[in-house]
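Trainee: Structure: input.cif, mmCIF, C-alpha atoms.
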data_model
#
loop_
_atom_site.label_atom_id
_atom_site.label_comp_id
_atom_site.auth_asym_id
_atom_site.auth_seq_id
_atom_site.Cartn_x
_atom_site.Cartn_y
_atom_site.Cartn_z
CA MET A 1 -37.11 23.78 -39.46
CA GLY A 2 -36.65 23.73 -35.72
CA SER A 3 -40.28 24.56 -35.01
CA GLY A 4 -41.33 23.74 -31.48
CA THR A 5 -37.83 23.36 -30.05
CA THR A 6 -37.14 24.80 -26.66
CA GLY A 7 -35.82 28.34 -26.53
CA ASP A 8 -32.03 28.40 -26.53
CA HIS A 9 -31.20 26.53 -29.68
CA GLY A 10 -34.49 27.05 -31.48
CA SER A 11 -32.87 28.49 -34.60
CA ASP A 12 -29.92 26.08 -34.67
CA GLN A 13 -29.50 23.10 -36.95
CA MET A 14 -29.62 19.64 -35.38
CA TRP A 15 -26.59 17.45 -35.85
CA SER A 16 -26.01 13.78 -35.29
CA VAL A 17 -22.64 13.34 -33.62
CA GLN A 18 -21.13 9.88 -33.72
CA VAL A 19 -18.29 9.47 -31.22
CA THR A 20 -16.14 6.35 -31.48
CA VAL A 21 -13.88 5.66 -28.50
CA MET A 22 -11.16 3.03 -28.91
CA PRO A 23 -8.46 1.63 -26.65
CA LYS A 24 -5.18 3.29 -27.53
CA PRO A 25 -2.78 1.32 -29.72
CA GLY A 26 -0.55 -0.77 -27.49
CA ILE A 27 -3.07 -0.93 -24.64
CA ASN A 28 -4.10 -4.50 -23.89
CA ASP A 29 -7.68 -5.16 -24.89
CA PRO A 30 -8.81 -8.43 -23.30
CA GLN A 31 -12.38 -7.91 -24.52
CA GLY A 32 -11.21 -7.60 -28.11
CA GLU A 33 -9.08 -10.72 -27.64
CA ALA A 34 -12.08 -12.65 -26.31
CA ILE A 35 -14.22 -11.54 -29.24
CA ARG A 36 -11.48 -12.56 -31.66
CA GLY A 37 -11.43 -15.99 -30.01
CA GLY A 38 -15.20 -16.24 -30.51
CA LEU A 39 -14.97 -15.32 -34.18
CA ARG A 40 -12.18 -17.83 -34.75
CA SER A 41 -14.23 -20.55 -33.08
CA LEU A 42 -16.92 -19.74 -35.68
CA ASP A 43 -14.30 -20.53 -38.33
CA HIS A 44 -13.58 -16.91 -39.21
CA ALA A 45 -9.96 -17.91 -39.26
CA GLY A 46 -8.85 -14.79 -41.10
CA VAL A 47 -9.62 -12.47 -38.19
CA VAL A 48 -6.19 -11.50 -36.92
CA SER A 49 -7.20 -8.73 -34.52
CA VAL A 50 -10.27 -7.29 -32.79
CA ARG A 51 -10.25 -4.11 -30.76
CA ALA A 52 -13.37 -3.38 -28.71
CA GLY A 53 -14.30 0.22 -28.09
CA LYS A 54 -17.57 2.02 -27.69
CA SER A 55 -19.74 4.18 -29.86
CA LEU A 56 -21.94 7.02 -28.67
CA ARG A 57 -24.51 8.93 -30.71
CA LEU A 58 -25.39 12.42 -29.57
CA MET A 59 -27.99 14.78 -30.98
CA VAL A 60 -26.58 18.28 -30.70
CA ALA A 61 -28.06 21.63 -31.65
CA GLY A 62 -25.46 23.96 -33.09
CA GLU A 63 -24.99 26.68 -35.61
CA SER A 64 -22.35 25.04 -37.77
CA ARG A 65 -20.61 21.72 -38.36
CA GLU A 66 -17.33 23.24 -37.19
CA ALA A 67 -18.83 24.54 -33.96
CA VAL A 68 -20.40 21.16 -33.22
CA GLU A 69 -17.15 19.33 -34.01
CA ARG A 70 -15.27 21.64 -31.66
CA GLU A 71 -17.78 21.12 -28.90
CA ALA A 72 -17.76 17.33 -29.40
CA ALA A 73 -13.96 17.30 -29.16
CA LEU A 74 -14.23 19.20 -25.88
CA MET A 75 -16.78 16.65 -24.62
CA CYS A 76 -14.38 13.83 -25.49
CA ASP A 77 -11.44 15.53 -23.78
CA ARG A 78 -13.48 16.25 -20.66
CA LEU A 79 -15.55 13.10 -20.26
CA LEU A 80 -16.30 10.76 -23.14
CA ALA A 81 -12.76 9.43 -23.55
CA ASN A 82 -9.93 8.95 -21.08
CA PRO A 83 -6.75 10.13 -22.83
CA VAL A 84 -4.62 7.79 -20.72
CA ILE A 85 -6.14 4.71 -22.32
CA GLU A 86 -8.36 5.81 -25.20
CA THR A 87 -8.47 7.65 -28.50
CA TYR A 88 -11.59 9.05 -30.14
CA GLU A 89 -13.01 9.95 -33.53
CA ILE A 90 -15.91 12.29 -34.20
CA HIS A 91 -18.27 12.25 -37.18
CA VAL A 92 -20.86 15.00 -37.46
CA GLU A 93 -23.80 14.78 -39.86
CA PRO A 94 -26.73 17.16 -40.25
CA VAL A 95 -30.14 15.82 -39.27
CA GLY A 96 -33.12 16.44 -41.51
CA ASP A 97 -32.99 18.67 -44.58
CA GLY A 98 -29.30 18.87 -45.41
CA GLU A 99 -26.68 21.22 -44.04
CA GLY A 100 -29.02 24.20 -43.72
CA SER A 101 -27.12 27.41 -43.23
CA GLY A 102 -24.06 25.55 -41.87
CA MET B 1 -12.67 13.37 12.05
CA ILE B 2 -12.46 11.09 9.00
CA ALA B 3 -14.84 11.66 6.09
CA ILE B 4 -16.06 8.60 4.20
CA VAL B 5 -17.79 9.69 1.02
CA THR B 6 -20.94 7.93 -0.15
CA PHE B 7 -21.52 8.19 -3.90
CA PRO B 8 -24.61 6.78 -5.62
CA GLY B 9 -23.52 3.17 -6.05
CA SER B 10 -20.90 3.05 -3.29
CA ASN B 11 -21.04 -0.27 -1.47
CA GLY B 12 -17.89 -0.12 0.65
CA ASP B 13 -18.83 2.98 2.62
CA ALA B 14 -20.37 1.09 5.53
CA ASP B 15 -17.37 -1.26 5.63
CA ALA B 16 -14.98 1.68 5.73
CA LEU B 17 -17.00 3.37 8.48
CA HIS B 18 -17.05 0.17 10.48
CA ALA B 19 -13.31 -0.34 10.08
CA VAL B 20 -12.32 3.21 10.94
CA ARG B 21 -14.81 4.04 13.66
CA ASP B 22 -15.76 0.74 15.27
CA ASP B 23 -12.62 -1.26 14.75
CA LEU B 24 -9.82 1.29 14.88
CA GLY B 25 -11.69 3.64 17.17
CA ALA B 26 -11.19 6.87 15.24
CA PRO B 27 -13.98 9.43 14.82
CA ALA B 28 -15.52 9.08 11.38
CA ARG B 29 -18.74 9.73 9.57
CA LEU B 30 -20.30 9.30 6.17
CA VAL B 31 -20.37 12.35 3.91
CA ASP B 32 -22.83 12.69 1.05
CA TYR B 33 -21.47 13.09 -2.49
CA ARG B 34 -23.32 16.41 -2.73
CA ALA B 35 -21.31 17.95 0.11
CA THR B 36 -19.42 21.10 -0.86
CA ASP B 37 -17.53 21.69 2.38
CA LEU B 38 -15.04 19.35 4.03
CA SER B 39 -13.72 21.74 6.64
CA GLY B 40 -13.15 20.07 9.99
CA PHE B 41 -12.11 16.75 8.43
CA ASP B 42 -8.60 15.40 8.89
CA ALA B 43 -8.70 12.69 6.23
CA VAL B 44 -10.98 11.59 3.41
CA ILE B 45 -11.71 8.03 2.26
CA LEU B 46 -13.39 7.30 -1.08
CA PRO B 47 -14.83 3.81 -0.67
CA GLY B 48 -15.32 0.94 -3.06
CA GLY B 49 -18.41 0.21 -5.09
CA PHE B 50 -19.87 0.94 -8.48
CA SER B 51 -20.56 4.67 -8.48
CA TYR B 52 -23.12 5.63 -11.12
CA GLY B 53 -23.21 2.00 -12.20
CA ASP B 54 -19.76 2.34 -13.79
CA ALA B 55 -21.46 4.19 -16.67
CA LEU B 56 -19.03 5.12 -19.45
CA ARG B 57 -15.96 4.15 -17.38
CA CYS B 58 -15.50 3.29 -13.71
CA GLY B 59 -15.34 6.58 -11.81
CA ALA B 60 -15.91 8.75 -14.87
CA ILE B 61 -19.20 10.24 -13.68
CA ALA B 62 -18.42 10.38 -9.95
CA ARG B 63 -15.54 12.64 -10.81
CA PHE B 64 -18.10 15.40 -11.46
CA ALA B 65 -19.90 14.96 -8.11
CA PRO B 66 -19.98 18.17 -6.06
CA VAL B 67 -17.78 16.65 -3.33
CA ILE B 68 -14.84 16.26 -5.71
CA GLU B 69 -13.97 19.98 -5.71
CA PRO B 70 -13.54 20.21 -1.91
CA ILE B 71 -11.58 16.93 -2.06
CA ARG B 72 -9.34 18.48 -4.69
CA ALA B 73 -8.76 21.51 -2.43
CA PHE B 74 -8.20 19.28 0.61
CA ALA B 75 -5.64 17.22 -1.32
CA ALA B 76 -3.91 20.36 -2.58
CA ARG B 77 -3.43 21.47 1.04
CA GLY B 78 -1.75 18.13 1.76
CA GLY B 79 -4.72 16.43 3.42
CA PRO B 80 -4.60 12.63 3.38
CA VAL B 81 -6.96 11.08 0.84
CA LEU B 82 -7.40 7.33 0.33
CA GLY B 83 -9.30 5.88 -2.61
CA ILE B 84 -10.19 2.21 -2.26
CA CYS B 85 -11.11 0.25 -5.41
CA ASN B 86 -13.81 2.41 -7.03
CA GLY B 87 -12.40 5.29 -4.96
CA PHE B 88 -9.05 4.66 -6.67
CA GLN B 89 -10.76 4.67 -10.07
CA ILE B 90 -12.48 7.97 -9.23
CA LEU B 91 -9.18 9.57 -8.17
CA THR B 92 -7.52 8.61 -11.48
CA GLU B 93 -10.48 9.96 -13.44
CA ALA B 94 -10.27 13.18 -11.41
CA HIS B 95 -6.54 13.38 -12.29
CA LEU B 96 -5.61 13.34 -8.62
CA LEU B 97 -3.68 10.12 -9.27
CA PRO B 98 -1.75 9.00 -12.37
CA GLY B 99 -2.81 6.21 -14.71
CA ALA B 100 -6.12 4.50 -15.31
CA LEU B 101 -7.81 1.21 -14.43
CA ARG B 102 -9.10 -1.08 -17.16
CA ARG B 103 -10.88 -4.41 -17.41
CA ASN B 104 -9.01 -7.28 -15.73
CA ALA B 105 -6.85 -9.16 -18.23
CA THR B 106 -8.73 -12.35 -17.35
CA LEU B 107 -12.10 -10.65 -18.04
CA ARG B 108 -13.21 -12.12 -14.73
CA PHE B 109 -14.35 -10.34 -11.60
CA HIS B 110 -11.77 -11.15 -8.93
CA CYS B 111 -13.13 -11.51 -5.42
CA ARG B 112 -10.44 -13.12 -3.30
CA TRP B 113 -7.45 -12.61 -1.05
CA VAL B 114 -4.19 -11.45 -2.57
CA HIS B 115 -0.77 -10.53 -1.28
CA VAL B 116 0.76 -7.13 -1.89
CA ARG B 117 4.22 -5.85 -1.09
CA VAL B 118 4.56 -2.34 0.32
CA GLU B 119 6.87 -0.50 -2.06
CA SER B 120 6.64 3.03 -0.72
CA ALA B 121 6.59 3.61 3.02
CA THR B 122 6.62 7.39 2.69
CA THR B 123 2.98 8.04 1.79
CA ALA B 124 0.44 9.39 4.26
CA TRP B 125 -1.20 5.96 4.41
CA THR B 126 1.86 3.70 4.55
CA ASP B 127 4.39 5.63 6.61
CA THR B 128 3.94 3.39 9.64
CA VAL B 129 4.69 0.28 7.54
CA GLU B 130 8.15 -0.88 6.58
CA ALA B 131 8.93 -1.07 2.87
CA GLY B 132 8.98 -4.69 1.75
CA THR B 133 6.25 -5.74 4.18
CA VAL B 134 3.86 -8.24 2.58
CA LEU B 135 0.19 -7.65 3.36
CA ARG B 136 -2.65 -10.09 2.79
CA LEU B 137 -5.73 -8.17 1.65
CA PRO B 138 -8.95 -8.91 -0.25
CA VAL B 139 -9.69 -7.61 -3.75
CA ALA B 140 -13.11 -7.39 -5.36
CA HIS B 141 -13.02 -5.81 -8.78
CA GLY B 142 -13.64 -6.34 -12.47
CA ASP B 143 -11.70 -3.30 -13.64
CA GLY B 144 -8.44 -3.25 -11.74
CA SER B 145 -5.79 -3.49 -14.42
CA PHE B 146 -3.52 -0.52 -13.86
CA VAL B 147 -2.47 1.18 -17.08
CA ALA B 148 -0.27 4.20 -17.72
CA GLY B 149 1.93 5.47 -20.52
CA ALA B 150 5.56 4.32 -20.51
CA ASP B 151 6.71 7.81 -19.50
CA VAL B 152 4.25 7.98 -16.60
CA LEU B 153 5.18 4.47 -15.45
CA ALA B 154 8.88 5.38 -15.44
CA GLU B 155 8.11 8.58 -13.57
CA ILE B 156 6.00 7.01 -10.82
CA GLU B 157 8.55 4.22 -10.34
CA ALA B 158 11.37 6.76 -10.08
CA ASN B 159 9.42 8.99 -7.69
CA GLY B 160 8.44 6.19 -5.34
CA GLN B 161 4.77 6.62 -6.19
CA VAL B 162 4.15 2.89 -6.51
CA VAL B 163 2.64 2.13 -3.10
CA VAL B 164 1.90 -1.60 -3.31
CA ARG B 165 2.55 -4.37 -5.84
CA TYR B 166 0.81 -7.73 -6.20
CA CYS B 167 3.14 -10.50 -5.08
CA GLU B 168 3.47 -14.06 -3.84
CA PRO B 169 3.14 -14.66 -0.08
CA ASP B 170 6.95 -14.43 0.17
CA GLY B 171 7.02 -11.04 -1.57
CA THR B 172 8.14 -12.26 -4.98
CA VAL B 173 6.42 -10.51 -7.88
CA SER B 174 5.24 -12.99 -10.52
CA ALA B 175 2.78 -13.12 -13.40
CA ALA B 176 0.68 -15.59 -11.41
CA SER B 177 0.39 -13.22 -8.45
CA ASN B 178 -0.81 -10.33 -10.63
CA PRO B 179 -4.56 -11.00 -10.73
CA ASN B 180 -5.59 -8.44 -13.31
CA GLY B 181 -2.64 -7.82 -15.60
CA SER B 182 -1.66 -4.51 -14.04
CA ALA B 183 1.41 -2.81 -15.49
CA GLY B 184 4.33 -3.47 -13.16
CA ALA B 185 1.96 -5.53 -10.98
CA ILE B 186 0.91 -2.19 -9.51
CA ALA B 187 -1.93 -2.48 -6.99
CA GLY B 188 -1.76 1.03 -5.60
CA VAL B 189 -0.21 4.40 -6.39
CA ALA B 190 0.27 7.77 -4.72
CA ASN B 191 0.43 11.30 -6.03
CA ARG B 192 3.80 13.03 -6.11
CA ALA B 193 3.35 14.49 -2.62
CA GLY B 194 2.31 11.14 -1.16
CA ASN B 195 -0.84 12.39 0.56
CA VAL B 196 -3.26 10.96 -2.02
CA VAL B 197 -3.21 7.16 -2.33
CA GLY B 198 -5.31 4.76 -4.39
CA LEU B 199 -5.49 1.02 -3.73
CA MET B 200 -7.34 -1.73 -5.56
CA PRO B 201 -7.24 -4.06 -2.50
CA HIS B 202 -9.61 -3.35 0.40
CA PRO B 203 -7.77 -2.63 3.67
CA GLU B 204 -11.11 -1.81 5.35
CA ARG B 205 -12.23 -5.41 4.80
CA ALA B 206 -9.18 -6.79 6.61
CA VAL B 207 -9.29 -5.25 10.08
CA ASP B 208 -10.36 -8.18 12.20
CA PRO B 209 -9.45 -11.89 12.39
CA LEU B 210 -13.19 -12.58 12.05
CA LEU B 211 -12.98 -11.13 8.54
CA GLY B 212 -10.13 -13.46 7.66
CA GLY B 213 -7.29 -11.07 8.27
CA GLU B 214 -6.27 -7.78 9.82
CA ASP B 215 -3.39 -6.55 7.66
CA GLY B 216 -5.62 -3.69 6.47
CA ARG B 217 -5.11 -2.05 9.86
CA MET B 218 -1.51 -1.39 8.86
CA ILE B 219 -2.68 0.81 5.97
CA LEU B 220 -5.40 2.64 7.92
CA ARG B 221 -3.60 2.88 11.25
CA GLY B 222 -0.95 5.52 10.58
CA VAL B 223 -3.11 8.29 9.30
CA LEU B 224 -5.83 7.50 11.79
CA GLU B 225 -3.48 7.78 14.73
CA ARG B 226 -2.31 11.17 13.53
CA THR B 227 -5.75 12.51 12.76
CA HIS B 228 -7.21 11.02 15.93
CA VAL B 229 -4.72 13.02 17.95
CA ALA B 230 -5.38 16.09 15.83
CA SER B 231 -9.14 16.01 16.24
#
Represent the supplied structure as structure tokens.

Mentor:
Amino acid sequence: MGSGTTGDHGSDQMWSVQVTVMPKPGINDPQGEAIRGGLRSLDHAGVVSVRAGKSLRLMVAGESREAVEREAALMCDRLLANPVIETYEIHVEPVGDGEGSG
Amino acid sequence: MIAIVTFPGSNGDADALHAVRDDLGAPARLVDYRATDLSGFDAVILPGGFSYGDALRCGAIARFAPVIEPIRAFAARGGPVLGICNGFQILTEAHLLPGALRRNATLRFHCRWVHVRVESATTAWTDTVEAGTVLRLPVAHGDGSFVAGADVLAEIEANGQVVVRYCEPDGTVSAASNPNGSAGAIAGVANRAGNVVGLMPHPERAVDPLLGGEDGRMILRGVLERTHVAS
């Protein structure tokens, strides 16, 4: 595990962090509306709403799931999401051979 | 001396320099985004463009450029700061101005002339203009839809922080005259103190009849006259 990694986080587990950023409820989402229009024109008449956000996948070295989740939340608050217009969700999964020591 | 900040991806910096220095005759120069010292400057303009290719969100990355910290300090001391278009987006991302700017409701990039009504004539950049004055200015943006929470909108309206609103040529605000679906047809806002202003329209591209209009001078003039005397 972790052989050949560079210094600092050499002994830490790698985690895949999936960050989903969505427009806040109530915020107009013209892109989602346009996509909904496209789906309806393909006869997917049951689609009543589409909201378009963005998804980011980060690989993060960290000692525990909790520590990585905390750090990812900080990243979202500081940069990845704009709290005026967006909400975010974070999903952290271990990479490789299970949860390790975390 | 007026500082005009060039970020990677700025494209309105030369226009702003031309307007301020060559057209209005005030001393001005371009300042690199890596600058850490703004002492000696009397006003700062953040120009339009697509800093960092609009990665993540417009202005989200530029907000971490080294020059932002001295701008923050300059603004805190009451120094006049004007963000134009992308500069406006950067100032909201840096929390120097309220709200945020999202994709135009039409999903189209709007590059055309609009009319805006001056709502607040007490900011550093509009205090030589009478409230109610209608200006004809160009816009050029894809992400100019002003958004803020209901509480913030109520607050900035009550505090006179709405600087300009999209309107018809006669000053009437209508859905048709709001090109991007901005809340309250807001085209520009100020901070509480009125020294930091963000505008989606481009006053620096309307300083000469040759450009199709010169109403932009009314926005740039006031602060330039003051700082010109000061420097």

Trainee: Produce a table with one row for each residue of chain A that has an atom at most 10 Å from any atom of chain B, each row naming the nearest atom pair and its distance in Å at one decimal; use all atoms listed in the file; arrange rows by chain and rising residue number; format as JSON lines.

Mentor:
{"residue": "A:Pro23", "atom": "CA", "partner": "B:Arg102", "partner_atom": "CA", "distance": 9.9}
{"residue": "A:Gly26", "atom": "CA", "partner": "B:Gly149", "partner_atom": "CA", "distance": 9.7}
{"residue": "A:Ile27", "atom": "CA", "partner": "B:Val147", "partner_atom": "CA", "distance": 7.9}
{"residue": "A:Asn28", "atom": "CA", "partner": "B:Ala105", "partner_atom": "CA", "distance": 7.8}
{"residue": "A:Asp29", "atom": "CA", "partner": "B:Ala105", "partner_atom": "CA", "distance": 7.8}
{"residue": "A:Pro30", "atom": "CA", "partner": "B:Ala105", "partner_atom": "CA", "distance": 5.5}
{"residue": "A:Gln31", "atom": "CA", "partner": "B:Leu107", "partner_atom": "CA", "distance": 7.0}
{"residue": "A:Glu33", "atom": "CA", "partner": "B:Ala105", "partner_atom": "CA", "distance": 9.8}
{"residue": "A:Ala34", "atom": "CA", "partner": "B:Leu107", "partner_atom": "CA", "distance": 8.5}
{"residue": "A:Lys54", "atom": "CA", "partner": "B:Leu56", "partner_atom": "CA", "distance": 8.9}
{"residue": "A:Leu56", "atom": "CA", "partner": "B:Leu56", "partner_atom": "CA", "distance": 9.9}
{"residue": "A:Arg78", "atom": "CA", "partner": "B:Ala60", "partner_atom": "CA", "distance": 9.8}
{"residue": "A:Leu79", "atom": "CA", "partner": "B:Ala60", "partner_atom": "CA", "distance": 6.9}
{"residue": "A:Leu80", "atom": "CA", "partner": "B:Leu56", "partner_atom": "CA", "distance": 7.3}
{"residue": "A:Ala81", "atom": "CA", "partner": "B:Leu56", "partner_atom": "CA", "distance": 8.6}
{"residue": "A:Asn82", "atom": "CA", "partner": "B:Glu93", "partner_atom": "CA", "distance": 7.7}
{"residue": "A:Pro83", "atom": "CA", "partner": "B:Ala100", "partner_atom": "CA", "distance": 9.4}
{"residue": "A:Val84", "atom": "CA", "partner": "B:Ala148", "partner_atom": "CA", "distance": 6.4}
{"residue": "A:Ile85", "atom": "CA", "partner": "B:Ala100", "partner_atom": "CA", "distance": 7.0}

Trainee: Generate a file of the selected residues that holds C-alpha atoms, formatted as an mmCIF file, keeping the file's coordinate frame.

Mentor:
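Saved as part29.cif:
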data_model
loop_
_atom_site.group_PDB
_atom_site.id
_atom_site.type_symbol
_atom_site.label_atom_id
_atom_site.label_comp_id
_atom_site.auth_asym_id
_atom_site.auth_seq_id
_atom_site.Cartn_x
_atom_site.Cartn_y
_atom_site.Cartn_z
ATOM 1 C CA PRO A 23 -8.460 1.630 -26.650
ATOM 2 C CA GLY A 26 -0.550 -0.770 -27.490
ATOM 3 C CA ILE A 27 -3.070 -0.930 -24.640
ATOM 4 C CA ASN A 28 -4.100 -4.500 -23.890
ATOM 5 C CA ASP A 29 -7.680 -5.160 -24.890
ATOM 6 C CA PRO A 30 -8.810 -8.430 -23.300
ATOM 7 C CA GLN A 31 -12.380 -7.910 -24.520
ATOM 8 C CA GLU A 33 -9.080 -10.720 -27.640
ATOM 9 C CA ALA A 34 -12.080 -12.650 -26.310
ATOM 10 C CA LYS A 54 -17.570 2.020 -27.690
ATOM 11 C CA LEU A 56 -21.940 7.020 -28.670
ATOM 12 C CA ARG A 78 -13.480 16.250 -20.660
ATOM 13 C CA LEU A 79 -15.550 13.100 -20.260
ATOM 14 C CA LEU A 80 -16.300 10.760 -23.140
ATOM 15 C CA ALA A 81 -12.760 9.430 -23.550
ATOM 16 C CA ASN A 82 -9.930 8.950 -21.080
ATOM 17 C CA PRO A 83 -6.750 10.130 -22.830
ATOM 18 C CA VAL A 84 -4.620 7.790 -20.720
ATOM 19 C CA ILE A 85 -6.140 4.710 -22.320
#

Trainee: Just how far from atom CA of Ala55 of chain B is atom CA of Val92 of chain A, in Å to one decimal?

Mentor: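 So the answer is 23.4 Å.
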
Trainee: Step by step, work through what the PyMOL selection byres ((chain B and resi 219-227) around 9) selects in the shown file, and finish by giving those residues as a PDB file with C-alpha atoms, in the coordinates of the input.

Mentor:
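So the final result, stored in expr-v9.pdb, reads:
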ATOM      1  CA  MET B   1     -12.670  13.370  12.050  1.00  0.00           C
ATOM      2  CA  ILE B   2     -12.460  11.090   9.000  1.00  0.00           C
ATOM      3  CA  ALA B  19     -13.310  -0.340  10.080  1.00  0.00           C
ATOM      4  CA  VAL B  20     -12.320   3.210  10.940  1.00  0.00           C
ATOM      5  CA  LEU B  24      -9.820   1.290  14.880  1.00  0.00           C
ATOM      6  CA  GLY B  25     -11.690   3.640  17.170  1.00  0.00           C
ATOM      7  CA  ALA B  26     -11.190   6.870  15.240  1.00  0.00           C
ATOM      8  CA  PRO B  27     -13.980   9.430  14.820  1.00  0.00           C
ATOM      9  CA  PHE B  41     -12.110  16.750   8.430  1.00  0.00           C
ATOM     10  CA  ASP B  42      -8.600  15.400   8.890  1.00  0.00           C
ATOM     11  CA  ALA B  43      -8.700  12.690   6.230  1.00  0.00           C
ATOM     12  CA  PRO B  80      -4.600  12.630   3.380  1.00  0.00           C
ATOM     13  CA  ALA B 124       0.440   9.390   4.260  1.00  0.00           C
ATOM     14  CA  TRP B 125      -1.200   5.960   4.410  1.00  0.00           C
ATOM     15  CA  THR B 126       1.860   3.700   4.550  1.00  0.00           C
ATOM     16  CA  ASP B 127       4.390   5.630   6.610  1.00  0.00           C
ATOM     17  CA  THR B 128       3.940   3.390   9.640  1.00  0.00           C
ATOM     18  CA  VAL B 129       4.690   0.280   7.540  1.00  0.00           C
ATOM     19  CA  PRO B 203      -7.770  -2.630   3.670  1.00  0.00           C
ATOM     20  CA  GLU B 204     -11.110  -1.810   5.350  1.00  0.00           C
ATOM     21  CA  ASP B 215      -3.390  -6.550   7.660  1.00  0.00           C
ATOM     22  CA  GLY B 216      -5.620  -3.690   6.470  1.00  0.00           C
ATOM     23  CA  ARG B 217      -5.110  -2.050   9.860  1.00  0.00           C
ATOM     24  CA  MET B 218      -1.510  -1.390   8.860  1.00  0.00           C
ATOM     25  CA  HIS B 228      -7.210  11.020  15.930  1.00  0.00           C
ATOM     26  CA  VAL B 229      -4.720  13.020  17.950  1.00  0.00           C
ATOM     27  CA  ALA B 230      -5.380  16.090  15.830  1.00  0.00           C
ATOM     28  CA  SER B 231      -9.140  16.010  16.240  1.00  0.00           C
TER      29      SER B 231
END

Trainee: Can you list, as an MDAnalysis selection string, every protein, DNA or RNA residue that comes within 6 Å of segment 11-14 of chain A when you count all atoms listed in the file, leaving out same-chain residues fewer than 4 positions away?

Mentor: chainID A and resid 60:63 95

Trainee: Could you tell me how far atom CA of Asp54 of chain B lies from atom CA of Ser39 of chain B, in Å and to one decimal?

Mentor: 28.8 Å

Trainee: What does the distance between atom CA of Tyr33 of chain B and atom CA of His202 of chain B come to in Å, to one decimal place?

Mentor: 20.5 Å

Trainee: For Gln161 of chain B, which residue among B:Asp37, B:Glu119, B:Asp32, B:Asp23 is the nearest when counting only C-alpha atoms?

Mentor: B:Glu119

Trainee: Reconstruct N, CA, C and O atoms of segment 53-64 of chain A; output as a CSV table (one decimal), in the frame of the given file.

Mentor:
chain,number,residue,atom,x,y,z
A,53,GLY,N,-14.1,-1.1,-28.7
A,53,GLY,CA,-14.3,0.2,-28.1
A,53,GLY,C,-15.8,0.5,-27.8
A,53,GLY,O,-16.5,-0.4,-27.5
A,54,LYS,N,-16.2,1.7,-27.8
A,54,LYS,CA,-17.6,2.0,-27.7
A,54,LYS,C,-18.0,3.2,-28.6
A,54,LYS,O,-17.1,4.0,-29.0
A,55,SER,N,-19.2,3.2,-28.9
A,55,SER,CA,-19.7,4.2,-29.9
A,55,SER,C,-20.9,4.9,-29.2
A,55,SER,O,-21.7,4.3,-28.6
A,56,LEU,N,-20.9,6.2,-29.3
A,56,LEU,CA,-21.9,7.0,-28.7
A,56,LEU,C,-22.5,7.9,-29.8
A,56,LEU,O,-21.8,8.4,-30.6
A,57,ARG,N,-23.9,8.0,-29.8
A,57,ARG,CA,-24.5,8.9,-30.7
A,57,ARG,C,-25.2,10.0,-29.9
A,57,ARG,O,-26.1,9.8,-29.1
A,58,LEU,N,-24.8,11.3,-30.2
A,58,LEU,CA,-25.4,12.4,-29.6
A,58,LEU,C,-26.2,13.2,-30.6
A,58,LEU,O,-25.8,13.3,-31.8
A,59,MET,N,-27.3,13.8,-30.2
A,59,MET,CA,-28.0,14.8,-31.0
A,59,MET,C,-27.7,16.1,-30.4
A,59,MET,O,-27.9,16.4,-29.2
A,60,VAL,N,-27.1,17.0,-31.2
A,60,VAL,CA,-26.6,18.3,-30.7
A,60,VAL,C,-27.1,19.4,-31.6
A,60,VAL,O,-27.0,19.4,-32.8
A,61,ALA,N,-27.7,20.4,-30.9
A,61,ALA,CA,-28.1,21.6,-31.6
A,61,ALA,C,-26.9,22.6,-31.7
A,61,ALA,O,-26.2,22.8,-30.7
A,62,GLY,N,-26.6,23.1,-32.9
A,62,GLY,CA,-25.5,24.0,-33.1
A,62,GLY,C,-25.6,24.7,-34.4
A,62,GLY,O,-26.3,24.3,-35.3
A,63,GLU,N,-24.8,25.8,-34.4
A,63,GLU,CA,-25.0,26.7,-35.6
A,63,GLU,C,-24.2,26.2,-36.8
A,63,GLU,O,-24.5,26.6,-38.0
A,64,SER,N,-23.1,25.5,-36.6
A,64,SER,CA,-22.4,25.0,-37.8
A,64,SER,C,-21.7,23.7,-37.5
A,64,SER,O,-21.5,23.4,-36.3
